[in-house]
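Enquirer: Below you will find the structure I want to go over with you.
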2 protein chains.
Amino acid sequence: MNAIDQKGFDRSCWSLVESRKVFDAGNRLRVLRQTVCLPDNRIVDDYYRIDLPSFATIYALTEDGNVLLLRQYKHGVGEVCLTLPGGQIEPGEDPEFSARRELLEETGYGGGRWLQGPSLVLHGNQRIARAHIYVAQHVIKLGEAGSGDLEETQLVLKPRQDLRRAMLQGELPITTHVATIGIAETLLEAISRG
Amino acid sequence: MNAIDQKGFDRSCWSLVESRKVFDAGNRLRVLRQTVCLPDNRIVDDYYRIDLPSFATIYALTEDGNVLLLRQYKHGVGEVCLTLPGGQIEPGEDPEFSARRELLEETGYGGGRWLQGPSLVLHGNQRIARAHIYVAQHVIKLGEAGSGDLEETQLVLKPRQDLRRAMLQGELPITTHVATIGIAETLLEAISRG
């Protein structure tokens, strides 16, 4: 993109005219109705933004090449499925601290070498939440799992090379987890190439 | 997982006791407050489900190995970024038909050989929407783009091998698009291995 294009695209941002809360369940869920002004000065007065808590997702690899997964019922999916460990970032909490806490609570594993991936949003229009992506190599078992989550979970150690097949077969049915696997594989390949 | 575990996990599904609409913006956004019964008979009376329209996302590859991307402002991200083509599936519409229509409208490209990936949900708890993932090889330019979307978009053809670096650098900041790239690369590698 040349300088003129870049300038054109800077002008393509929308400006926020007004934002009204139209549904509120505290920190857990908030819906805002926004009035936005487009670059051509058109006004859109019913653009919705949805705020759920941001969260961390962790691709954690053991010394012997297994990835830590959880088999659990997820109500958003409506069935038992595989997920990556992770969870909500409490207000004011550092995302990596949250990620380490969630991994320990959900799996009993910790330690190792941690890498941070890009943080992503869940929806290009309504935003929904920010997902903070971590890759942890050489994690070790430090204790017993016990997350206090509503779901009953089973820890599953799956060889790294089996993850992509599981993903294609729909066994990991949540976008953030599939995105995290792609980022983790890319980061790990970059490291192994040196 | 053995048969007893499998049985245990079948029992781990939650049952829906009641579902009340608490916010409604028609087909565009609906918030439901659900009462659910957990496997240990605990009742949770404030589990939220959010329904946004389901959509298709397309990883489209030209004959000369470029992936079709759009550079545009996305309000959920708050800045100009790269996205994959895609869009909302109209009620009753076949997801692949939607995907082909969106690709043509947004990029002017079509045809080629289409593969379907797994469909994914955006959030393990609140669901949000279902993303239908497509990989289109050998697409060709059929006409001019003109989607009628609110965003001004610029078509960007990026060599396939540059996509992972762009992803790591946060240039594609939406979970579904990163997930789609991971699925597409896995499908294409499986094909090239035969």
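For the structure tokens, the naming scheme is as follows: chains receive sequential letters (A, B, ...) according to their order of presentation, residues are indexed from 1 within each chain, and ligands are indexed from 1 in presentation order.
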Show me, as number ranges by chain, every residue of chain A with an atom at most 8 Å from chain B, counting only C-alpha atoms.

Expert: A: 9-10, 12-14, 23, 38, 49, 72-80, 117-128, 150-152, 164, 167-170, 173-183, 186-187

Enquirer: I'd like the neighbourhood of Glu90 of chain A as a ChimeraX atom specification, where a residue qualifies if any of its atoms comes within 12 Å (using only C-alpha atoms), though same-chain residues fewer than 3 positions away should be ignored.

Expert: /A:27-28,52-56,87,93-99,101-102

Enquirer: Using DSSP secondary structure from the backbone, list all strand (DSSP E or B) positions within segment 112-191 of chain A, as a PyMOL selection string.

Expert: chain A and resi 113-123+127-141+153-159+174

Enquirer: Store the residues picked out above in a file with C-alpha atoms, as a short mmCIF file (atom, residue, chain, number, x, y, z; two decimals), in the first residue's frame.

Expert:
```cif
data_model
loop_
_atom_site.label_atom_id
_atom_site.label_comp_id
_atom_site.auth_asym_id
_atom_site.auth_seq_id
_atom_site.Cartn_x
_atom_site.Cartn_y
_atom_site.Cartn_z
CA ARG A 113 8.88 -21.65 28.71
CA TRP A 114 6.07 -19.28 27.77
CA LEU A 115 5.58 -17.44 24.49
CA GLN A 116 2.90 -14.88 23.76
CA GLY A 117 0.99 -14.91 20.47
CA PRO A 118 -1.02 -12.03 19.04
CA SER A 119 -4.22 -11.18 20.89
CA LEU A 120 -7.35 -11.54 18.79
CA VAL A 121 -10.98 -10.38 18.92
CA LEU A 122 -13.83 -12.86 18.53
CA HIS A 123 -15.97 -10.90 16.05
CA ARG A 127 -16.01 -7.53 19.07
CA ILE A 128 -17.38 -9.80 21.90
CA ALA A 129 -14.07 -10.32 23.76
CA ARG A 130 -10.31 -10.34 23.36
CA ALA A 131 -8.52 -13.70 23.40
CA HIS A 132 -4.92 -13.67 24.67
CA ILE A 133 -2.99 -16.57 23.15
CA TYR A 134 -0.10 -18.33 24.92
CA VAL A 135 2.19 -21.18 23.98
CA ALA A 136 3.88 -22.97 26.90
CA GLN A 137 6.65 -25.48 26.16
CA HIS A 138 8.09 -28.04 28.59
CA VAL A 139 5.24 -27.79 31.12
CA ILE A 140 5.37 -30.28 34.01
CA LYS A 141 2.83 -31.70 36.41
CA THR A 153 -13.53 -32.01 32.85
CA GLN A 154 -11.18 -34.82 31.88
CA LEU A 155 -7.53 -34.05 31.08
CA VAL A 156 -6.44 -35.51 27.73
CA LEU A 157 -2.79 -35.60 26.60
CA LYS A 158 -2.70 -35.79 22.82
CA PRO A 159 0.46 -36.11 20.69
CA ILE A 174 -14.41 -23.44 19.03
#
```

Enquirer: Counting only C-alpha atoms, which of B:Cys37, B:Ile43, B:Leu142, B:Leu188 gets nearest to Tyr59 of chain B?

Expert: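 Going through B:Cys37, B:Ile43, B:Leu142, B:Leu188 one by one, the smallest distance to Tyr59 of chain B is for B:Leu188.
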
Enquirer: In segment 36-139 of chain B, what's alpha helix (DSSP H) per DSSP? Answer as a list of chain:residue names?

Expert: B:Pro95, B:Glu96, B:Phe97, B:Ser98, B:Ala99, B:Arg100, B:Arg101, B:Glu102, B:Leu103, B:Leu104, B:Glu105, B:Glu106, B:Thr107

Enquirer: Can you list, as number ranges by chain, every protein, DNA or RNA residue that comes within 6 Å of Ser147 of chain A when you count only C-alpha atoms, leaving out same-chain residues fewer than 2 positions away?

Expert: A: 105-106, 149
